[in-house]
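Some notes on the structure that comes next.
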Amino acid sequence: MTGALRELARSPVLVAAIFIAGIGGTFQYGFHISVLNSPSLFIKELVNSTCQQRYGRSLEPWELSLIWSFIVSMYCMGGLAGTLYAGHLAGAYGRKTTLLLNNVVAICGAVLMLFSKTALSFEMIMVARVLYGINAGVSLTVHTMYILECAHKRLRGMVGVSVASFVSMGKFFGQLLGISEVLGTEEHWVWLLAFSGAAGLLQLVTLPFLPESPRYLLLEKADKHGCEMALRRLWGARKDPGPEMEEMLAEYASLKSVKIHRLIDLFVDHNVRWQLITVLVTFVTLQLCGINAVYLYSFDVFQAAGIAKENLRYAALGTGLCEVSTSIACVLIIESTGKRMLLFRGYLCMAASLALLTLTLYLQDFVSWMPYCSMVLIFTYIFFFSSGPAGVTAPLPGEIFTQSYKPPAFMVACILNWTGLFLVGMLFPLIVVSFYHFMNIWIISASSFFVFCFFSGVFVWFHVPETKNKTVLEITEDFKRMHHKSRHSLQSKLSSIHTNNIQSTISTKL
């Protein structure tokens, strides 16, 4: 860990690339997940005021809830649209250029947000949410690709976790700026929702000073000189980029006659079947592991533990701060622990925390000190989520797929992410309406969360190789070796059983 940090410290341009790409990248995605909680009442008031001015009547509660659901879900729809085009844009125009143009979308969304209140138009908020979603969908894919391709093999794990760290920072800043002492007021909520424009503008003016992705230059543009210059700028003049370029050239030679694959190719090619299954399992579980439900019920648990209602938002800030600090700590331990172990340990410990949390929530009406155990378990669950799946899953497609499969792999991963986020956001309000008491809701949903976490942990242990300090080609060979070995072992067992049956039959006849 110390050696990796020392090496990172000797690469100031790479450190700058991590922060510049992150603030206009996955930070935006995390920010918009949490930022709507605070100004929700003000937005609903704006919707009602707009309808009163236009149609001369107030909305029914169900009409207001329907419009609010559309405002929330527009973000996911935009994110899905951005994801579908992100891989193509990154391949056609480059990672850096795509990120630069993507900031214009965020700034346009911020302008609409700023004028929505003055114009008495909630439709402007909807369009802005779509634009923010497109921006987040593109950045979630391209930021991850860019930063992983800029990092040295030894630092790829540490740098990859920074993608999730910026998601956590975005969530935390959405909560922090949303409190009434900052921007969560009736006068300033439009500035809160327009904050993404400032983050996009910051990246827009600083990213041009960074080089393009070296791997993109060499493997997709065949620009060997440009790749070498980019590596020297990113890693420092004292570090020899030769060995890394030789590995890239070996990958380039193996992929020379292979075109960039389409989405359908990813599903029909048997050579990447287990890599695809790994992405499907990990990204589906990332959304359906229960993290959103834990955040949803944290207010109820904190209130049951005796925290005053007016202080619940500060307790919620504690959960966001816990996720940020843990994800940053994950950056420090990932190179020594390994991603496979972090995923395995994270999923199983999350499953255990869910089971115990269900028990403590059930018992808190009978035992006075049980709510405090529930609080500890919520923070324990967030700790293992942030130090495992949250940090490792996002960059996974970029590490287990070769260059020709990366765009469709990231596309599949992000489609799963946005679809899961959309379903959780739409289905949970319906469940809350059907089952008023949050304990009933939790018992219904916790069993499915537990199943996802437990079986994903088992899957990782038996079917995913370690990726630490390995090239893509080495990881590909590990996948083949692991599953060829399991098939060969199964065939041997079946053959042995068949032989024993034949011998038994012969012995019987004799």
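In the structure tokens, chains take letters A, B, ... by order of appearance, with residues numbered from 1 within each chain and ligands from 1 in the order shown.
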For region 363-416 of chain A versus region 268-275 of chain A, which residues have an atom no more than 9 Å away, and what is each residue's nearest atom pair and distance in Å rounded to one decimal, using only C-alpha atoms, chain-then-number order, as JSON lines?
{"residue": "A:Pro397", "atom": "CA", "partner": "A:Gln275", "partner_atom": "CA", "distance": 8.1}
{"residue": "A:Ile400", "atom": "CA", "partner": "A:Gln275", "partner_atom": "CA", "distance": 6.5}
{"residue": "A:Phe401", "atom": "CA", "partner": "A:Gln275", "partner_atom": "CA", "distance": 7.1}
{"residue": "A:Tyr405", "atom": "CA", "partner": "A:Val272", "partner_atom": "CA", "distance": 9.0}
Alpha helix (DSSP H) residues, from DSSP on the backbone, in region 151-388 of chain A, as a PyMOL selection string: chain A and resi 156-177+189-193+195-206+214-215+224-235+242-254+263-268+273-288+291-304+312-337+339-363+370-387
Region 44-55 of chain A surroundings by only C-alpha atoms, 10 Å radius, close-in-sequence under 2 positions cut, as number ranges by chain: A: 39-42, 57-60, 63-65, 67-68, 116-117, 119-123, 186
Pick from A:Ala151, A:Leu112, A:Ile179, A:Leu357, whichever lies nearest to Ala316 (chain A) using only C-alpha atoms: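 The closest residue to Ala316 (chain A) is A:Ile179.
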CA of Cys76 (chain A) to CA of Leu421 (chain A), distance in Å rounded to a single decimal: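 It comes out at 7.1 Å.
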Shell around Gly398 (chain A) at 10 Å using only C-alpha atoms, local window under 3 positions removed, as a list in words: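 Residues near the query, excluding close chain neighbours: Thr141, Thr144, Met145, Tyr146, Leu148, Glu149, Gly160, Ala394, Pro395, Phe401, Thr402, Gln403, Tyr405, Lys406, Pro407, Ala409, Phe410 and Val472 of chain A.
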Closest of A:Leu234, A:Leu176, A:Val72, A:Val35 to Gly318 (chain A) - atom-to-atom distances counting only C-alpha atoms: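 When distances to Gly318 (chain A) are compared using only C-alpha atoms, the smallest one comes from A:Leu176.
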Proximity check region 235-290 of chain A to region 452-458 of chain A, 9 Å, nearest pairs one decimal Å, only C-alpha atoms, as CSV:
residue,atom,partner,partner_atom,distance
A:Val281,CA,A:Ser456,CA,6.6
A:Thr282,CA,A:Ser456,CA,7.0
A:Val284,CA,A:Phe452,CA,8.6
A:Thr285,CA,A:Phe452,CA,5.9
A:Leu286,CA,A:Cys453,CA,8.9
A:Leu288,CA,A:Phe452,CA,6.9
A:Cys289,CA,A:Cys453,CA,5.8
A:Gly290,CA,A:Cys453,CA,8.7
File dump, residues just selected, N, CA and C atoms, as an mmCIF file, in the first residue's frame:
data_model
loop_
_atom_site.group_PDB
_atom_site.id
_atom_site.type_symbol
_atom_site.label_atom_id
_atom_site.label_comp_id
_atom_site.auth_asym_id
_atom_site.auth_seq_id
_atom_site.Cartn_x
_atom_site.Cartn_y
_atom_site.Cartn_z
ATOM 1 N N VAL A 281 -24.058 -10.346 -12.755
ATOM 2 C CA VAL A 281 -24.284 -10.650 -11.338
ATOM 3 C C VAL A 281 -23.905 -9.464 -10.451
ATOM 4 N N THR A 282 -22.737 -8.895 -10.666
ATOM 5 C CA THR A 282 -22.246 -7.837 -9.770
ATOM 6 C C THR A 282 -23.046 -6.544 -9.908
ATOM 7 N N VAL A 284 -26.238 -6.190 -11.119
ATOM 8 C CA VAL A 284 -27.607 -6.379 -10.639
ATOM 9 C C VAL A 284 -27.624 -6.330 -9.109
ATOM 10 N N THR A 285 -26.666 -6.983 -8.488
ATOM 11 C CA THR A 285 -26.605 -7.001 -7.020
ATOM 12 C C THR A 285 -26.283 -5.628 -6.456
ATOM 13 N N LEU A 286 -25.514 -4.831 -7.192
ATOM 14 C CA LEU A 286 -25.170 -3.487 -6.718
ATOM 15 C C LEU A 286 -26.422 -2.650 -6.464
ATOM 16 N N LEU A 288 -29.643 -4.118 -6.213
ATOM 17 C CA LEU A 288 -30.648 -4.888 -5.468
ATOM 18 C C LEU A 288 -30.086 -5.514 -4.189
ATOM 19 N N CYS A 289 -29.002 -4.963 -3.690
ATOM 20 C CA CYS A 289 -28.409 -5.490 -2.452
ATOM 21 C C CYS A 289 -29.073 -4.893 -1.218
ATOM 22 N N GLY A 290 -29.880 -3.844 -1.399
ATOM 23 C CA GLY A 290 -30.583 -3.250 -0.267
ATOM 24 C C GLY A 290 -30.027 -1.930 0.220
#
Separation of CA of Met77 (chain A) from CA of Phe27 (chain A) in Å: 18.5 Å
CA of Phe166 (chain A) to CA of Arg6 (chain A), distance in Å rounded to a single decimal: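 Between CA of Phe166 (chain A) and CA of Arg6 (chain A) the gap works out to 21.5 Å.
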Shortest interatomic distance to Ile33 (chain A) - which of A:Leu416, A:Met124, A:Met169, A:Ala16, counting only C-alpha atoms: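 Once distances to Ile33 (chain A) are computed over only C-alpha atoms, the minimum belongs to A:Met169.
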For Cys373 (chain A), the nearest of the candidates A:Leu356, A:Glu246, A:Pro389, A:Arg154, counting only C-alpha atoms: A:Leu356
Residue neighbourhood region 327-338 of chain A, 8 Å, only C-alpha atoms, exclusion window fewer than 3 positions, as a list in words: Met1, Ala4, Leu5, Arg154, Leu155, Gly157, Met158, Val159, Val161, Ser162, Ala164, Ser165, Ser168, Glu323, Val324, Met341, Leu342, Ser386, Ser387, Gly388, Ala390, Gly391, Glu466, Thr467 and Lys468 of chain A
Best match for closeness to Asn37 (chain A) among A:Gly236, A:Gly184, A:Pro465, A:Pro214, counting only C-alpha atoms: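 So, comparing all the options, the nearest one is A:Gly184.
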Nearest to Gly30 (chain A), chosen from A:Phe173, A:Tyr93, A:Phe302, A:Phe479, with only C-alpha atoms counted in the distances: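 Of the candidates, the smallest distance to Gly30 (chain A) is held by A:Phe173.
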